[in-house]
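Enquirer: I am attaching a structure below and will ask some questions about it afterwards.
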Amino acid sequence: MTGKIKNWLEIRIGLDELVRTQLTEYRVPRGINIFYTLGIVALAAFISQVVTGFFLLIYYIPDTEHAFGSVQDIMSKVPFGWLFRLMHAVGSNLMVAVVIFHMLSVFFMGSYKKPREMTWISGAFMLLMTLAFCLSGYLLPWSQLSYWATTIVTSIPTAFPYAGEFVTRMMRGGETVSGITLNRFFALHVTLLPLLLILFIGIHLFLVRRIGISAPPFGKAAEKKKTWIAFAHEDHPDGHAFYPYFVQKEMYVLMAYFALMFFIISFLPTLFFPEDANTPADQFKTPAHIKPEWYFLAAYQMLKLIPNKLLGVSIQMALMVVFVLWPFFDTKEEENILQRPPLLAVFLLSLITWVGLTIWGKYS
Amino acid sequence: MYPLVRFLEPPGSGAQGGKITVKRAEIPVGAFKDIVVNNTPAIIINVPDKGFIALSKVCTHLGCLVEYDKPGKRLLCPCHAGVYSLTGNVLSGPPPKPLQKYLVKVEGEDIVIG
């Protein structure tokens with residue numbers, strides 16, 4: 001039976017050639033490490049979010065009167081509803097972590113440099129989209145945490161004179177966060193953002209396959225680096241086979257990812273659910289000591305420390321632009337960060353500052 | 001682009017200029033009462049030596065609601081640690097401007113706000 005199906009496909013799409021050219025004879029650089037697998041883990045995390053999100057949609061009601069109750073019902077009444085909701089909520093946090101690690105490893109290995117500027121930019125946009133996913137999804141349970149986190153974030157544009165108030169009103173659909181905001185964020189979360197992210201994943205994967213996988217800038221592979229004056233696919237004829245060598249590596253890391261997810265769901269189910277996440281939204285009471293999710297803590301602490309709202313928001317916007325366009329700021333050919341102490345210092349300093357602000361934000 | 005912007009633009013906001021009335025006896029000196037003015041959470045405080053002061057509770061930094069800290073005689077924002085005086089002026093933290101003030105009139109036993 002399997003043979004018949006294989007033969008049927010062989011005649012129609014040339015299956016053998018496809019497997020040979022795209023998997024067994026496709027070579028990845030020698031010295032490739034597990035950090036190279038983070039892209040596929042991020043993709044798997046997104047697919048997991050789509051599947052669990054679909055199941056949640058079956059019971060979730062996007063209405064201020066019913067949203068909180070429907071989420072509580074998913075957790076307590078729907079058989080295994082808790083599993084899909086926790087997979088979705090824990091998965092969103094893990095997906096952000098994976099995308100951040102992916103970007104950090106790409107940065108550390110200098111893989112954003114010519115000719116891969118567009119690959120970096122599409123990746124940076126995908127990180128921002130992942131954060132937009134988190135933010136829009138955050139409001140949907142209509143809890144105290146949802147309501148006030150959204151109030152804060154949608155107030156950020158008001159830092160800018162003239163257009164700021166207008167942008168905030170457009171995002172909220174009124175003066176305050178309300179049912180209209182819930183509907184807007186719901187539409188964004190389940191239609192526009194998934195379509196945009198799928199589009200960017202397509203662009204990103206196209207660029208990775210078209211340009212070729214970048215060899216690590218350390219060790220023997222680094223000695224063969226070429227100067228890019230015309231387009232050329234980066235081949236690695238002496239590299240490892242994509243299948244089974246690299247696919248096996250990817251499977252190990254994927255298993256570790258889902259093992260971590262189920263460990264959190266089983267043993268730390270409330271890790272991402274503070275008390276305010278289980279209290280229905282009250283538009284007349286801001287909870288004391290409200291804190292954003294861990295990935296926004298650094299930005300939160302920065303806004304707290306900078307006494308001028310416009311300056312605080314402007315600095316964050318400027319940092320975001322620098323991050324997205326980083327390949328155009330660092331145009332030196334040397335990819336090995338260890339050979340460039342000033343760049344290594346910038347990398348470590350930025351990382352330490354981000355981690356420091358995150359911890360400070362958590363305990364301030 | 002124009003039709004899209006018009007489509008997303010919220011319809012006219014609720015009626016402005018509404019007034020609310022509170023009984024004077026409900027707020028002795030040093031006490032406060034949470035109220036809603038024009039759909040906005042607000043607070044009226046009977047400040048010693050200054051009388052009744054009505055302020056919007058919406059922090060001018062990023063929109064959280066301030067709380068009355070009676071012992072500290074100030075208003076605190078729980079989100080980014082903005083601190084306001086009982087007259088709504090910024091004492092410390094990131095808020096860019098004072099809290100919005102509402103007109104307060106004492107009419108016999110009633111306090112009219114807005």
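Ordered as shown in the structure tokens, chains take letters A, B, and onward, while each chain numbers its residues from 1 and ligands are numbered from 1 in the order shown.
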Contacts of Val51 (chain A) at 12 Å or less, counting only C-alpha atoms, minus same-chain residues fewer than 2 places along, as a VMD selection string?
Expert: chain A and resid 44 to 49 53 to 58 84 to 85 87 to 88 91 190 194
Enquirer: With C-alpha atoms kept, could you save the residues just selected as a PDB file, in the first residue's frame?
Expert:
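The file below, selection35.pdb, is the result:
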```
ATOM      1  CA  ALA A  44       6.662  24.366  15.739  1.00  0.00           C
ATOM      2  CA  ALA A  45       5.708  26.675  18.620  1.00  0.00           C
ATOM      3  CA  PHE A  46       3.626  28.785  16.223  1.00  0.00           C
ATOM      4  CA  ILE A  47       1.905  25.697  14.777  1.00  0.00           C
ATOM      5  CA  SER A  48       1.133  24.534  18.325  1.00  0.00           C
ATOM      6  CA  GLN A  49      -0.376  27.981  19.053  1.00  0.00           C
ATOM      7  CA  GLY A  53      -5.949  28.471  19.536  1.00  0.00           C
ATOM      8  CA  PHE A  54      -8.413  26.804  17.180  1.00  0.00           C
ATOM      9  CA  PHE A  55      -9.640  24.534  19.994  1.00  0.00           C
ATOM     10  CA  LEU A  56     -10.025  27.501  22.360  1.00  0.00           C
ATOM     11  CA  LEU A  57     -12.048  29.366  19.725  1.00  0.00           C
ATOM     12  CA  ILE A  58     -14.690  26.645  19.873  1.00  0.00           C
ATOM     13  CA  PHE A  84      -5.386  23.327  25.542  1.00  0.00           C
ATOM     14  CA  ARG A  85      -5.601  26.634  27.381  1.00  0.00           C
ATOM     15  CA  MET A  87      -0.640  24.768  26.199  1.00  0.00           C
ATOM     16  CA  HIS A  88      -1.693  28.029  24.532  1.00  0.00           C
ATOM     17  CA  GLY A  91       3.279  28.088  24.654  1.00  0.00           C
ATOM     18  CA  VAL A 190      -7.282  35.382  15.114  1.00  0.00           C
ATOM     19  CA  PRO A 194      -1.774  34.852  11.823  1.00  0.00           C
TER      20      PRO A 194
END
```
Enquirer: Residues of chain B were defined as contacting chain A if any atom lay at most 9 Å from it, counting only C-alpha atoms; please report them as a PyMOL selection string.
Expert: chain B and resi 5+8-13+34+36+40-42+61-67+77-82+92-96
Enquirer: For the selection you just gave me, I'd like the residues written to a file as a compact mmCIF listing (two decimals), in the first residue's frame, keeping N, CA and C atoms.
Expert:
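File written: part38.txt
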```txt
# COMPACT_ATOMS: atom_id res chain seq x y z
N VAL B 5 -9.36 54.45 7.67
CA VAL B 5 -9.22 55.27 8.89
C VAL B 5 -10.60 55.64 9.42
N LEU B 8 -12.22 52.65 11.11
CA LEU B 8 -11.67 52.28 12.41
C LEU B 8 -11.90 53.34 13.47
N GLU B 9 -12.10 54.58 13.02
CA GLU B 9 -12.30 55.68 13.97
C GLU B 9 -13.56 55.42 14.78
N PRO B 10 -13.45 55.50 16.11
CA PRO B 10 -14.65 55.21 16.92
C PRO B 10 -15.75 56.23 16.69
N PRO B 11 -17.00 55.80 16.79
CA PRO B 11 -18.10 56.77 16.70
C PRO B 11 -17.99 57.78 17.84
N GLY B 12 -18.65 58.91 17.72
CA GLY B 12 -18.57 60.00 18.71
C GLY B 12 -18.63 59.50 20.13
N SER B 13 -17.73 60.01 20.98
CA SER B 13 -17.69 59.54 22.36
C SER B 13 -18.93 60.01 23.11
N ASP B 34 -15.19 57.54 45.75
CA ASP B 34 -14.98 57.26 44.33
C ASP B 34 -16.26 57.57 43.57
N VAL B 36 -17.96 58.55 39.32
CA VAL B 36 -17.73 58.43 37.87
C VAL B 36 -18.26 59.69 37.21
N THR B 40 -15.77 58.52 33.30
CA THR B 40 -14.36 58.42 33.72
C THR B 40 -14.31 58.24 35.24
N PRO B 41 -13.55 57.25 35.73
CA PRO B 41 -13.41 57.10 37.17
C PRO B 41 -12.78 58.36 37.79
N ALA B 42 -13.36 58.85 38.86
CA ALA B 42 -12.86 60.08 39.50
C ALA B 42 -12.95 59.91 41.01
N HIS B 61 0.12 59.43 32.99
CA HIS B 61 1.25 58.72 32.37
C HIS B 61 0.73 57.70 31.36
N LEU B 62 0.18 56.58 31.85
CA LEU B 62 -0.29 55.55 30.91
C LEU B 62 -1.68 55.02 31.25
N GLY B 63 -2.48 55.83 31.91
CA GLY B 63 -3.91 55.53 32.01
C GLY B 63 -4.36 54.63 33.14
N CYS B 64 -3.48 54.22 34.07
CA CYS B 64 -3.94 53.42 35.22
C CYS B 64 -4.72 54.34 36.17
N LEU B 65 -5.40 53.76 37.14
CA LEU B 65 -6.18 54.57 38.07
C LEU B 65 -5.41 54.79 39.36
N VAL B 66 -5.30 56.03 39.77
CA VAL B 66 -4.57 56.36 41.01
C VAL B 66 -5.43 56.00 42.22
N GLU B 67 -4.76 55.76 43.34
CA GLU B 67 -5.47 55.45 44.59
C GLU B 67 -5.11 56.50 45.64
N CYS B 77 -0.08 56.10 41.80
CA CYS B 77 -0.43 55.24 40.66
C CYS B 77 0.28 53.90 40.85
N PRO B 78 -0.47 52.79 40.82
CA PRO B 78 0.17 51.49 41.08
C PRO B 78 1.00 50.96 39.92
N CYS B 79 0.87 51.58 38.75
CA CYS B 79 1.55 50.99 37.58
C CYS B 79 3.02 51.41 37.46
N HIS B 80 3.28 52.71 37.43
CA HIS B 80 4.66 53.16 37.23
C HIS B 80 5.10 54.14 38.31
N ALA B 81 4.46 54.01 39.47
CA ALA B 81 4.86 54.76 40.66
C ALA B 81 4.77 56.28 40.52
N GLY B 82 3.78 56.77 39.79
CA GLY B 82 3.53 58.21 39.73
C GLY B 82 2.90 58.66 41.06
N SER B 92 6.09 63.28 42.03
CA SER B 92 7.25 62.53 41.52
C SER B 92 6.79 61.45 40.56
N GLY B 93 7.78 60.83 39.90
CA GLY B 93 7.46 59.77 38.94
C GLY B 93 7.27 60.30 37.54
N PRO B 94 6.86 59.42 36.63
CA PRO B 94 6.85 59.81 35.20
C PRO B 94 5.61 60.55 34.67
N PRO B 95 4.53 60.78 35.43
CA PRO B 95 3.38 61.47 34.82
C PRO B 95 3.78 62.84 34.25
N PRO B 96 3.35 63.13 33.02
CA PRO B 96 3.78 64.38 32.37
C PRO B 96 2.99 65.60 32.81
```
Enquirer: Would you kindly return, as a list in words, each protein, DNA or RNA residue with an atom no farther than 7 Å from any atom of Val112 (chain B), considering only C-alpha atoms and excluding same-chain residues fewer than 5 positions away?
Expert: Lys19, Ile20, Thr21, Val22, Val104, Lys105 and Val106 of chain B
Enquirer: Using DSSP secondary structure from the backbone, list all alpha helix (DSSP H) positions within region 43-84 of chain A, as a PyMOL selection string.
Expert: chain A and resi 43-59+67-76+81-84
Enquirer: Using only C-alpha atoms, which of the listed residues (B:Leu4, B:Ile27, B:Ile35, B:Val83) sits closest to Gly51 (chain B)?
Expert: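 Answer, going by the shortest atom-to-atom distance: B:Ile27.
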Enquirer: Write out as a list in words which residues come within 7 Å of region 229-245 of chain A when counting only C-alpha atoms, dropping same-chain ones fewer than 5 positions away.
Expert: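 Those residues are Leu23, Thr24, Glu25, Tyr26, Arg27, Val28, Pro29, Arg30, Arg210, Ile211, Gly212 and Ile213 of chain A.
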Enquirer: Write out as an mmCIF file with N, CA and C atoms, in the first residue's frame all residues of region 41-83 of chain B that backbone DSSP assigns to strand (DSSP E or B).
Expert:
```cif
data_model
loop_
_atom_site.group_PDB
_atom_site.id
_atom_site.type_symbol
_atom_site.label_atom_id
_atom_site.label_comp_id
_atom_site.auth_asym_id
_atom_site.auth_seq_id
_atom_site.Cartn_x
_atom_site.Cartn_y
_atom_site.Cartn_z
ATOM 1 N N PRO B 41 -13.551 57.248 35.727
ATOM 2 C CA PRO B 41 -13.410 57.101 37.174
ATOM 3 C C PRO B 41 -12.778 58.362 37.785
ATOM 4 N N ALA B 42 -13.364 58.850 38.863
ATOM 5 C CA ALA B 42 -12.862 60.078 39.498
ATOM 6 C C ALA B 42 -12.947 59.914 41.014
ATOM 7 N N ILE B 43 -12.388 60.888 41.704
ATOM 8 C CA ILE B 43 -12.400 60.814 43.171
ATOM 9 C C ILE B 43 -12.694 62.218 43.702
ATOM 10 N N ILE B 44 -13.477 62.284 44.754
ATOM 11 C CA ILE B 44 -13.664 63.573 45.430
ATOM 12 C C ILE B 44 -13.136 63.419 46.853
ATOM 13 N N ILE B 45 -12.259 64.360 47.220
ATOM 14 C CA ILE B 45 -11.609 64.283 48.533
ATOM 15 C C ILE B 45 -11.940 65.555 49.301
ATOM 16 N N ASN B 46 -12.235 65.389 50.579
ATOM 17 C CA ASN B 46 -12.440 66.555 51.439
ATOM 18 C C ASN B 46 -11.094 66.851 52.110
ATOM 19 N N VAL B 47 -10.312 67.716 51.455
ATOM 20 C CA VAL B 47 -8.942 67.977 51.911
ATOM 21 C C VAL B 47 -8.972 68.994 53.062
ATOM 22 N N GLY B 51 -10.916 72.106 51.443
ATOM 23 C CA GLY B 51 -12.280 71.776 51.030
ATOM 24 C C GLY B 51 -12.344 70.626 50.046
ATOM 25 N N PHE B 52 -13.438 70.601 49.262
ATOM 26 C CA PHE B 52 -13.649 69.472 48.339
ATOM 27 C C PHE B 52 -12.858 69.660 47.047
ATOM 28 N N ILE B 53 -12.145 68.604 46.679
ATOM 29 C CA ILE B 53 -11.412 68.625 45.403
ATOM 30 C C ILE B 53 -11.787 67.369 44.621
ATOM 31 N N ALA B 54 -12.226 67.581 43.392
ATOM 32 C CA ALA B 54 -12.594 66.427 42.548
ATOM 33 C C ALA B 54 -11.584 66.280 41.427
ATOM 34 N N LEU B 55 -11.046 65.068 41.298
ATOM 35 C CA LEU B 55 -10.006 64.807 40.288
ATOM 36 C C LEU B 55 -10.322 63.535 39.515
ATOM 37 N N SER B 56 -9.898 63.517 38.268
ATOM 38 C CA SER B 56 -9.977 62.273 37.499
ATOM 39 C C SER B 56 -8.972 61.299 38.113
ATOM 40 N N VAL B 58 -7.632 58.925 36.394
ATOM 41 C CA VAL B 58 -6.815 58.375 35.307
ATOM 42 C C VAL B 58 -5.436 59.035 35.308
ATOM 43 N N LEU B 65 -5.403 53.756 37.136
ATOM 44 C CA LEU B 65 -6.183 54.566 38.065
ATOM 45 C C LEU B 65 -5.408 54.789 39.360
ATOM 46 N N GLU B 67 -4.761 55.761 43.340
ATOM 47 C CA GLU B 67 -5.474 55.452 44.593
ATOM 48 C C GLU B 67 -5.108 56.496 45.640
ATOM 49 N N TYR B 68 -6.063 56.774 46.516
ATOM 50 C CA TYR B 68 -5.837 57.761 47.579
ATOM 51 C C TYR B 68 -5.053 57.108 48.713
ATOM 52 N N ASP B 69 -3.881 57.664 49.004
ATOM 53 C CA ASP B 69 -3.063 57.167 50.115
ATOM 54 C C ASP B 69 -3.306 58.125 51.273
ATOM 55 N N ARG B 74 -1.547 61.719 49.696
ATOM 56 C CA ARG B 74 -1.178 61.831 48.282
ATOM 57 C C ARG B 74 -1.961 60.799 47.476
ATOM 58 N N LEU B 75 -1.815 60.890 46.168
ATOM 59 C CA LEU B 75 -2.465 59.913 45.288
ATOM 60 C C LEU B 75 -1.364 59.134 44.571
ATOM 61 N N LEU B 76 -1.484 57.812 44.576
ATOM 62 C CA LEU B 76 -0.424 56.965 44.015
ATOM 63 C C LEU B 76 -0.935 56.184 42.814
ATOM 64 N N VAL B 83 3.331 59.824 41.551
ATOM 65 C CA VAL B 83 2.786 60.330 42.812
ATOM 66 C C VAL B 83 2.225 61.736 42.589
#
```
Enquirer: Identify, on the basis of only C-alpha atoms, every residue whose closest approach to Asn89 (chain B) does not exceed 9 Å; exclude the query and any residue fewer than 4 positions from it along the same chain; express the result as a PDB file with N, CA and C atoms, in the first residue's frame.
Expert:
```
ATOM      1  N   VAL B  83       3.331  59.824  41.551  1.00  0.00           N
ATOM      2  CA  VAL B  83       2.786  60.330  42.812  1.00  0.00           C
ATOM      3  C   VAL B  83       2.225  61.736  42.589  1.00  0.00           C
ATOM      4  N   TYR B  84       0.986  61.958  43.043  1.00  0.00           N
ATOM      5  CA  TYR B  84       0.328  63.251  42.895  1.00  0.00           C
ATOM      6  C   TYR B  84      -0.046  63.794  44.265  1.00  0.00           C
ATOM      7  N   SER B  85      -0.101  65.128  44.337  1.00  0.00           N
ATOM      8  CA  SER B  85      -0.589  65.753  45.572  1.00  0.00           C
ATOM      9  C   SER B  85      -2.114  65.645  45.580  1.00  0.00           C
ATOM     10  N   LYS B  97       1.767  65.404  33.339  1.00  0.00           N
ATOM     11  CA  LYS B  97       0.971  66.576  33.717  1.00  0.00           C
ATOM     12  C   LYS B  97       0.058  66.231  34.894  1.00  0.00           C
ATOM     13  N   PRO B  98      -0.544  67.258  35.516  1.00  0.00           N
ATOM     14  CA  PRO B  98      -1.412  66.990  36.673  1.00  0.00           C
ATOM     15  C   PRO B  98      -2.659  66.194  36.289  1.00  0.00           C
ATOM     16  N   LEU B  99      -3.320  65.652  37.288  1.00  0.00           N
ATOM     17  CA  LEU B  99      -4.592  64.955  37.055  1.00  0.00           C
ATOM     18  C   LEU B  99      -5.641  65.979  36.625  1.00  0.00           C
TER      19      LEU B  99
END
```
Enquirer: Between A:Leu145, A:Ala277, A:Ala256, A:Ala298, single out the one closest to Leu94 (chain A), counting only C-alpha atoms.
Expert: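 That would be A:Ala256, the residue with the smallest distance to Leu94 (chain A).
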Enquirer: To one decimal in Å, tell me the separation between CA of Phe35 (chain A) and CA of Ser111 (chain A).
Expert: 12.0 Å
Enquirer: Distance CA of Thr227 (chain A)-CA of Glu117 (chain A), one decimal place?
Expert: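 So the two atoms, CA of Thr227 (chain A) and CA of Glu117 (chain A), lie 14.9 Å apart.
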Enquirer: For each of A:Leu325, A:Val71, A:Val177, A:Ile5, take the minimum atom-to-atom distance to Asn39 (chain B), counting only C-alpha atoms, then give the residue where this is smallest.
Expert: A:Val177
